[in-house]
Amino acid sequence: MQHRIIVLGAGYTGAVAAGRLARRLHRDDVAVTLVNAEPDFVERVRMHQLATGQDLEPRRLADLLAGTGVELLTATVTGIDVDRGTVDVTHADGDTRELAYDTLVYALGSGWNDQGVPGTAEHAHEIAGRPGALRLRERLARLEAGETVVVVGGGLTGLEAATEIAESRPDLDVALAARGGLGDWLSPKGRRHLREVFDRLGITAYEHTTVTRVHADRVTTGDGASVPAAVTVWTAGFAVHPIAGATALEVTDTGQIVVDHTMRSVSHPDVYAIGDAALATGAGGKPLRMSCASGSFTALHAADAITARLTGGKPRKGTIRYFNQCISLGRREGLVQYVTADDRAVRAALTGRLAAVYKELICKGAVWSAGNPTFGLPVRRRRVLPERAAERRPGAAGAAEAPVS
């Protein structure tokens with residue numbers, strides 16, 4: 001009798017968690033199913049590159065997961081019943097089905113957040129996923145020399161988008177609107193380098209500026225000013241997938257699932273949440289920010305905690321911490337800001353071409369880890385305790401009892 005583990009979402013966190021579970025638990029004892037809406041692994045941290053016309057190497061999830069024992073199901077998650085232990089999915093052809101689970105790993109992540117600003121949904125572009133990045137790519141390709149692109153949001157995504165667009169299209173007038181100062185969370189060295197790159201690329205920075213409305217050809221700021229924008233790119237924050245908020249799971253006001261230090265739901269012990277979908281605390285008791293930097297560690301914590309629970313081990317102790325923030329500033333420049341465990345900038349920062357190479361290695365390493373969740377080391381698959389294997393959720397009549405490929 002196999003213990004049914006379903007992982008929802010095959011981004012950086014979901015793919016790592018599914019692969020690690022399948023490689024650490026004996027195949028006779030568990031069935032690990034990974035549900036994802038697309039057959040490809042999407043490198044979300046490269047969406048600004050895709051938007052500017054660069055061709056990214058397609059990465060099939062089936063290839064990344066080959067040999068792990070994970071069964072891939074390409075379908076969209078449309079509903080979850082955490083009391084019955086079932087997940088509703090819909091295939092591309094419209095066929096729907098119900099899957100039963102004994103342990104659920106929720107990794108549906110996040111999308112763009114228009115913050116309720118009027119006109120954003122109608123007129124702004126986003127790069128939180130591949131469809132949005134491809135739409136922006138098509139729009140940018142139609143722009144003529146001298147037209148203006150305004151990137152709204154001064155965080156990591158905004159900085160990367162603005163510099164990538166300015167470098168790839170030096171004929172455009174690129175601007176960035178930030179609520180605070182430009183890179184004001186960085187060290188003095190980091191801020192200095194960021195301004196040098198902005199000046200070199202000719203990017204206009206509207207600092208301490210709030211965008212209050214997006215129009216088809218401009219944005220309006222909090223002080224009533226109007227900034228021309230043939231294209232507006234919205235990067236001002238992310239919002240989690242709404243499905244969790246429609247369940248009986250305990251969630252925050254923003255829809256994140258509340259978890260303990262093992263990424264286990266505080267309201268439903270057979271559900272784990274990882275990545276952007278989880279409200280987890282890191283060093284100093286601070287909530288982890290939505291990022292690949294912390295998301296991958298939540299995946300490892302959850303997978304190891306589930307393995308320990310099913311095999312009679314003890315979940316590992318330890319707090320998720322930060323080490324650096326890696327920012328690409330076009331293809332030739334980068335910025336690696338070293339930080340404290342709770343994500344505060346320290347004096348040290350790596351800049352220039354070397355930082356760009358460092359960031360590229362981080363991006364490639366993130367993809368590699370999705371296919372090598374045990375870091376390429378041989379791992380003995382552990383047997384599930386009989387009493388744990390017998391702890392099966394009833395699911396629903398007719399619900400899938402085994403993974404489907």
# chains A, B, ... in the order shown; residues from 1 in each chain; ligands from 1
$ closest_atom_pairs --of "range 186-244 of chain A" --to "range 152-156 of chain A" --cutoff "9 Å" --atoms "only C-alpha atoms" --output "Markdown table"
| residue | atom | partner | partner_atom | distance |
| --- | --- | --- | --- | --- |
| A:Glu207 | CA | A:Gly154 | CA | 8.7 |
| A:Thr210 | CA | A:Val152 | CA | 8.7 |
| A:Val211 | CA | A:Val152 | CA | 7.4 |
| A:Thr232 | CA | A:Val152 | CA | 7.2 |
| A:Val233 | CA | A:Val152 | CA | 6.1 |
| A:Trp234 | CA | A:Val152 | CA | 5.0 |
| A:Thr235 | CA | A:Gly153 | CA | 5.0 |
| A:Ala236 | CA | A:Gly153 | CA | 4.4 |
| A:Gly237 | CA | A:Gly153 | CA | 7.6 |
$ write_last_selection --atoms "C-alpha atoms" --output "compact mmCIF listing (two decimals), in the first residue's frame"
# COMPACT_ATOMS: atom_id res chain seq x y z
CA GLU A 207 12.66 58.08 -6.96
CA THR A 210 4.14 56.31 -6.36
CA VAL A 211 2.22 55.44 -9.51
CA THR A 232 4.32 50.22 -18.76
CA VAL A 233 5.94 47.20 -17.08
CA TRP A 234 4.48 46.48 -13.64
CA THR A 235 6.84 44.79 -11.16
CA ALA A 236 5.48 46.23 -7.91
CA GLY A 237 5.08 43.04 -5.92
$ residues_around --residues "Arg59 in chain A" --least-positions-apart "2" --cutoff "8 Å" --atoms "only C-alpha atoms" --output "PDB file with N, CA and C atoms, in the first residue's frame"
ATOM      1  N   ASP A  40       6.799  22.296 -19.464  1.00  0.00           N
ATOM      2  CA  ASP A  40       8.160  22.823 -19.363  1.00  0.00           C
ATOM      3  C   ASP A  40       8.441  23.390 -17.981  1.00  0.00           C
ATOM      4  N   PHE A  41       9.705  23.346 -17.599  1.00  0.00           N
ATOM      5  CA  PHE A  41      10.167  24.039 -16.408  1.00  0.00           C
ATOM      6  C   PHE A  41      10.448  25.487 -16.799  1.00  0.00           C
ATOM      7  N   VAL A  42       9.775  26.419 -16.138  1.00  0.00           N
ATOM      8  CA  VAL A  42       9.904  27.835 -16.472  1.00  0.00           C
ATOM      9  C   VAL A  42      10.923  28.484 -15.541  1.00  0.00           C
ATOM     10  N   GLU A  57      16.638  28.322 -23.543  1.00  0.00           N
ATOM     11  CA  GLU A  57      16.641  26.888 -23.861  1.00  0.00           C
ATOM     12  C   GLU A  57      15.441  26.211 -23.214  1.00  0.00           C
ATOM     13  N   LEU A  61      10.100  19.255 -18.249  1.00  0.00           N
ATOM     14  CA  LEU A  61      10.061  18.701 -16.904  1.00  0.00           C
ATOM     15  C   LEU A  61      10.312  17.200 -16.918  1.00  0.00           C
ATOM     16  N   ASP A  63      12.278  15.596 -18.758  1.00  0.00           N
ATOM     17  CA  ASP A  63      13.722  15.362 -18.837  1.00  0.00           C
ATOM     18  C   ASP A  63      14.400  15.659 -17.500  1.00  0.00           C
ATOM     19  N   LEU A  64      13.982  16.763 -16.855  1.00  0.00           N
ATOM     20  CA  LEU A  64      14.582  17.122 -15.578  1.00  0.00           C
ATOM     21  C   LEU A  64      14.320  16.066 -14.513  1.00  0.00           C
TER      22      LEU A  64
END
$ closest_residue --among "A:Ala100, A:Val32, A:Ala246, A:Leu50" --to "Thr78 in chain A" --atoms "only C-alpha atoms"
A:Ala246
$ select_by_dssp --residues "range 126-265 of chain A" --states "alpha helix (DSSP H)" --output "PyMOL selection string"
chain A and resi 130-142+156-168+188-201
$ closest_atom_pairs --of "range 236-345 of chain A" --to "range 349-355 of chain A" --cutoff "6 Å" --atoms "only C-alpha atoms" --output "CSV"
residue,atom,partner,partner_atom,distance
A:Arg332,CA,A:Arg353,CA,5.7
A:Glu333,CA,A:Gly352,CA,4.8
A:Gly334,CA,A:Ala355,CA,4.6
A:Leu335,CA,A:Thr351,CA,4.7
A:Val336,CA,A:Leu350,CA,4.9
A:Gln337,CA,A:Ala349,CA,4.6
A:Tyr338,CA,A:Ala349,CA,5.7
$ write_last_selection --atoms "C-alpha atoms" --output "PDB file, in the first residue's frame"
ATOM      1  CA  ARG A 332      27.338  42.421 -18.970  1.00  0.00           C
ATOM      2  CA  GLU A 333      26.805  43.862 -15.498  1.00  0.00           C
ATOM      3  CA  GLY A 334      25.665  42.472 -12.193  1.00  0.00           C
ATOM      4  CA  LEU A 335      25.431  43.188  -8.499  1.00  0.00           C
ATOM      5  CA  VAL A 336      25.780  40.667  -5.694  1.00  0.00           C
ATOM      6  CA  GLN A 337      24.853  42.267  -2.392  1.00  0.00           C
ATOM      7  CA  TYR A 338      25.948  40.244   0.614  1.00  0.00           C
TER       8      TYR A 338
END
$ residues_around --residues "Arg382 in chain A" --least-positions-apart "4" --cutoff "10 Å" --atoms "only C-alpha atoms" --output "VMD selection string"
chain A and resid 23 to 27 29 307 to 308 310 to 311
$ closest_residue --among "A:Ala356, A:Leu194, A:Ala278, A:Val271" --to "Ala305 in chain A" --atoms "only C-alpha atoms"
A:Val271
$ closest_residue --among "A:Val117, A:Val70, A:Ala244, A:Val151" --to "Val214 in chain A" --atoms "only C-alpha atoms"
A:Val117
$ closest_residue --among "A:Thr148, A:Asn113, A:Thr163, A:Thr220" --to "Gly330 in chain A" --atoms "only C-alpha atoms"
A:Thr163
$ residues_around --residues "Asp28 in chain A" --least-positions-apart "5" --cutoff "9 Å" --atoms "only C-alpha atoms" --output "list in words"
Met1, Gln2 and Arg383 of chain A
$ write_last_selection --atoms "C-alpha atoms" --output "PDB file, in the first residue's frame"
ATOM      1  CA  MET A   1       0.000   0.000   0.000  1.00  0.00           C
ATOM      2  CA  GLN A   2       1.673   3.178  -1.184  1.00  0.00           C
ATOM      3  CA  ARG A 383      11.361   2.575   3.857  1.00  0.00           C
TER       4      ARG A 383
END
$ closest_residue --among "A:His241, A:Arg142, A:Arg213, A:His3" --to "Trp112 in chain A" --atoms "only C-alpha atoms"
A:His241
$ atom_distance --atom1 "CA of Ala283 in chain A" --atom2 "CA of Trp185 in chain A"
17.9 Å
$ residues_around --residues "Cys363 in chain A" --least-positions-apart "5" --cutoff "9 Å" --atoms "only C-alpha atoms" --output "VMD selection string"
chain A and resid 43 45 to 46 358 368
$ closest_residue --among "A:Gly85, A:Val379, A:Ser226, A:Leu182" --to "Glu196 in chain A" --atoms "only C-alpha atoms"
A:Leu182
$ select_by_dssp --residues "range 218-325 of chain A" --states "strand (DSSP E or B)" --output "PyMOL selection string"
chain A and resi 218-221+226-228+231-234+238-240+251+257-259+264-265+271-273+278-279+281+287+324-325
$ closest_atom_pairs --of "range 12-115 of chain A" --to "range 125-134 of chain A" --cutoff "7 Å" --atoms "only C-alpha atoms" --output "tab-separated table"
residue	atom	partner	partner_atom	distance
A:Arg44	CA	A:Gly129	CA	6.3
A:Met47	CA	A:Ile127	CA	5.8
A:His48	CA	A:Ile127	CA	6.6
A:Leu50	CA	A:Ala133	CA	6.2
A:Ala51	CA	A:Ala133	CA	4.7
A:Gly111	CA	A:Ala128	CA	5.5
A:Trp112	CA	A:Ala128	CA	5.6
$ residues_around --residues "range 79-81 of chain A" --least-positions-apart "6" --cutoff "7 Å" --atoms "only C-alpha atoms" --output "tab-separated table (two decimals) with C-alpha atoms, in the first residue's frame"
chain	number	residue	atom	x	y	z
A	87	VAL	CA	-7.32	17.81	-5.57
A	88	ASP	CA	-9.34	18.72	-8.66
A	243	ILE	CA	-6.70	28.56	-4.47
A	247	THR	CA	-9.86	26.11	1.26
$ decode --residues "range 126-265 of chain A" --atoms "C-alpha atoms" --output "mmCIF file, in the first residue's frame"
data_model
loop_
_atom_site.group_PDB
_atom_site.id
_atom_site.type_symbol
_atom_site.label_atom_id
_atom_site.label_comp_id
_atom_site.auth_asym_id
_atom_site.auth_seq_id
_atom_site.Cartn_x
_atom_site.Cartn_y
_atom_site.Cartn_z
ATOM 1 C CA GLU A 126 3.953 41.859 -16.292
ATOM 2 C CA ILE A 127 6.818 39.363 -16.308
ATOM 3 C CA ALA A 128 5.835 37.094 -13.426
ATOM 4 C CA GLY A 129 5.403 34.203 -15.860
ATOM 5 C CA ARG A 130 6.073 33.112 -19.410
ATOM 6 C CA PRO A 131 2.754 34.243 -20.978
ATOM 7 C CA GLY A 132 3.226 37.775 -19.668
ATOM 8 C CA ALA A 133 6.871 37.895 -20.698
ATOM 9 C CA LEU A 134 5.983 36.776 -24.227
ATOM 10 C CA ARG A 135 3.270 39.435 -24.523
ATOM 11 C CA LEU A 136 5.751 42.094 -23.435
ATOM 12 C CA ARG A 137 8.309 40.716 -25.869
ATOM 13 C CA GLU A 138 5.876 41.151 -28.732
ATOM 14 C CA ARG A 139 4.963 44.672 -27.628
ATOM 15 C CA LEU A 140 8.555 45.811 -27.224
ATOM 16 C CA ALA A 141 9.394 44.502 -30.687
ATOM 17 C CA ARG A 142 6.792 46.868 -32.152
ATOM 18 C CA LEU A 143 8.159 49.980 -30.435
ATOM 19 C CA GLU A 144 9.932 52.538 -32.579
ATOM 20 C CA ALA A 145 13.072 54.428 -31.600
ATOM 21 C CA GLY A 146 12.513 57.167 -29.052
ATOM 22 C CA GLU A 147 9.398 55.664 -27.480
ATOM 23 C CA THR A 148 9.241 55.408 -23.702
ATOM 24 C CA VAL A 149 9.096 52.351 -21.452
ATOM 25 C CA VAL A 150 8.309 52.881 -17.755
ATOM 26 C CA VAL A 151 9.074 50.095 -15.291
ATOM 27 C CA VAL A 152 7.065 50.460 -12.078
ATOM 28 C CA GLY A 153 8.698 48.947 -9.004
ATOM 29 C CA GLY A 154 12.201 49.442 -7.640
ATOM 30 C CA GLY A 155 12.771 45.922 -6.286
ATOM 31 C CA LEU A 156 14.980 43.227 -7.762
ATOM 32 C CA THR A 157 12.578 42.402 -10.604
ATOM 33 C CA GLY A 158 12.167 46.059 -11.549
ATOM 34 C CA LEU A 159 15.912 46.683 -11.601
ATOM 35 C CA GLU A 160 16.537 43.639 -13.755
ATOM 36 C CA ALA A 161 13.713 44.483 -16.169
ATOM 37 C CA ALA A 162 14.739 48.119 -16.595
ATOM 38 C CA THR A 163 18.420 47.374 -17.213
ATOM 39 C CA GLU A 164 17.694 44.446 -19.532
ATOM 40 C CA ILE A 165 15.337 46.527 -21.674
ATOM 41 C CA ALA A 166 17.709 49.508 -21.766
ATOM 42 C CA GLU A 167 20.678 47.360 -22.752
ATOM 43 C CA SER A 168 18.845 45.406 -25.454
ATOM 44 C CA ARG A 169 17.044 48.468 -26.841
ATOM 45 C CA PRO A 170 19.325 51.504 -26.446
ATOM 46 C CA ASP A 171 17.071 53.339 -28.900
ATOM 47 C CA LEU A 172 14.243 53.444 -26.339
ATOM 48 C CA ASP A 173 13.756 55.900 -23.486
ATOM 49 C CA VAL A 174 13.636 53.682 -20.379
ATOM 50 C CA ALA A 175 12.565 54.908 -16.947
ATOM 51 C CA LEU A 176 11.983 53.301 -13.571
ATOM 52 C CA ALA A 177 9.561 54.526 -10.892
ATOM 53 C CA ALA A 178 10.437 53.490 -7.327
ATOM 54 C CA ARG A 179 8.564 54.284 -4.114
ATOM 55 C CA GLY A 180 11.831 54.705 -2.268
ATOM 56 C CA GLY A 181 15.321 55.717 -3.258
ATOM 57 C CA LEU A 182 17.059 53.799 -6.022
ATOM 58 C CA GLY A 183 18.381 50.624 -4.391
ATOM 59 C CA ASP A 184 17.986 52.208 -0.964
ATOM 60 C CA TRP A 185 18.243 48.813 0.783
ATOM 61 C CA LEU A 186 21.710 48.167 -0.690
ATOM 62 C CA SER A 187 25.099 48.980 0.799
ATOM 63 C CA PRO A 188 26.771 52.248 -0.222
ATOM 64 C CA LYS A 189 28.947 50.319 -2.701
ATOM 65 C CA GLY A 190 25.897 48.574 -4.130
ATOM 66 C CA ARG A 191 23.921 51.813 -4.516
ATOM 67 C CA ARG A 192 26.877 53.520 -6.126
ATOM 68 C CA HIS A 193 27.305 50.780 -8.700
ATOM 69 C CA LEU A 194 23.579 50.674 -9.445
ATOM 70 C CA ARG A 195 23.524 54.404 -10.194
ATOM 71 C CA GLU A 196 26.584 54.062 -12.404
ATOM 72 C CA VAL A 197 24.872 51.374 -14.457
ATOM 73 C CA PHE A 198 21.651 53.393 -14.706
ATOM 74 C CA ASP A 199 23.630 56.416 -15.894
ATOM 75 C CA ARG A 200 25.589 54.336 -18.404
ATOM 76 C CA LEU A 201 22.401 52.822 -19.847
ATOM 77 C CA GLY A 202 20.569 56.160 -19.854
ATOM 78 C CA ILE A 203 17.774 55.011 -17.522
ATOM 79 C CA THR A 204 15.776 57.761 -15.822
ATOM 80 C CA ALA A 205 15.011 57.017 -12.165
ATOM 81 C CA TYR A 206 11.868 58.528 -10.626
ATOM 82 C CA GLU A 207 12.657 58.076 -6.963
ATOM 83 C CA HIS A 208 10.195 58.365 -4.079
ATOM 84 C CA THR A 209 7.441 58.150 -6.662
ATOM 85 C CA THR A 210 4.143 56.315 -6.361
ATOM 86 C CA VAL A 211 2.218 55.442 -9.510
ATOM 87 C CA THR A 212 -1.498 55.959 -8.888
ATOM 88 C CA ARG A 213 -2.928 55.208 -12.327
ATOM 89 C CA VAL A 214 -1.809 53.515 -15.524
ATOM 90 C CA HIS A 215 -3.077 54.781 -18.874
ATOM 91 C CA ALA A 216 -2.531 53.396 -22.359
ATOM 92 C CA ASP A 217 0.166 55.994 -23.073
ATOM 93 C CA ARG A 218 1.315 57.299 -19.683
ATOM 94 C CA VAL A 219 1.291 56.820 -15.920
ATOM 95 C CA THR A 220 0.072 59.259 -13.287
ATOM 96 C CA THR A 221 2.064 59.687 -10.091
ATOM 97 C CA GLY A 222 1.011 60.533 -6.576
ATOM 98 C CA ASP A 223 1.866 64.211 -6.965
ATOM 99 C CA GLY A 224 -0.327 64.478 -10.053
ATOM 100 C CA ALA A 225 2.509 64.392 -12.588
ATOM 101 C CA SER A 226 2.095 62.573 -15.882
ATOM 102 C CA VAL A 227 4.964 60.432 -17.218
ATOM 103 C CA PRO A 228 4.799 59.300 -20.868
ATOM 104 C CA ALA A 229 4.795 55.514 -21.293
ATOM 105 C CA ALA A 230 4.204 53.753 -24.576
ATOM 106 C CA VAL A 231 4.707 50.590 -22.515
ATOM 107 C CA THR A 232 4.316 50.216 -18.758
ATOM 108 C CA VAL A 233 5.937 47.202 -17.078
ATOM 109 C CA TRP A 234 4.478 46.476 -13.639
ATOM 110 C CA THR A 235 6.844 44.795 -11.161
ATOM 111 C CA ALA A 236 5.483 46.227 -7.911
ATOM 112 C CA GLY A 237 5.076 43.045 -5.921
ATOM 113 C CA PHE A 238 3.580 39.580 -6.209
ATOM 114 C CA ALA A 239 0.334 37.939 -5.123
ATOM 115 C CA VAL A 240 -0.010 34.270 -4.195
ATOM 116 C CA HIS A 241 -2.201 31.847 -6.111
ATOM 117 C CA PRO A 242 -5.782 32.250 -4.826
ATOM 118 C CA ILE A 243 -6.699 28.563 -4.474
ATOM 119 C CA ALA A 244 -5.356 28.159 -0.918
ATOM 120 C CA GLY A 245 -7.555 31.016 0.279
ATOM 121 C CA ALA A 246 -10.640 29.143 -0.926
ATOM 122 C CA THR A 247 -9.860 26.110 1.256
ATOM 123 C CA ALA A 248 -10.154 25.412 4.987
ATOM 124 C CA LEU A 249 -6.399 25.963 5.395
ATOM 125 C CA GLU A 250 -5.308 28.692 7.775
ATOM 126 C CA VAL A 251 -4.000 31.493 5.595
ATOM 127 C CA THR A 252 -2.932 35.094 6.063
ATOM 128 C CA ASP A 253 -4.800 38.129 4.764
ATOM 129 C CA THR A 254 -2.666 37.881 1.639
ATOM 130 C CA GLY A 255 -3.515 34.204 1.070
ATOM 131 C CA GLN A 256 -0.236 32.640 2.205
ATOM 132 C CA ILE A 257 -0.532 29.342 4.066
ATOM 133 C CA VAL A 258 0.592 29.586 7.706
ATOM 134 C CA VAL A 259 3.228 26.917 8.417
ATOM 135 C CA ASP A 260 5.526 25.825 11.226
ATOM 136 C CA HIS A 261 9.314 25.514 11.037
ATOM 137 C CA THR A 262 9.008 22.296 8.983
ATOM 138 C CA MET A 263 6.727 23.995 6.402
ATOM 139 C CA ARG A 264 3.752 22.015 7.745
ATOM 140 C CA SER A 265 0.351 23.692 7.784
#
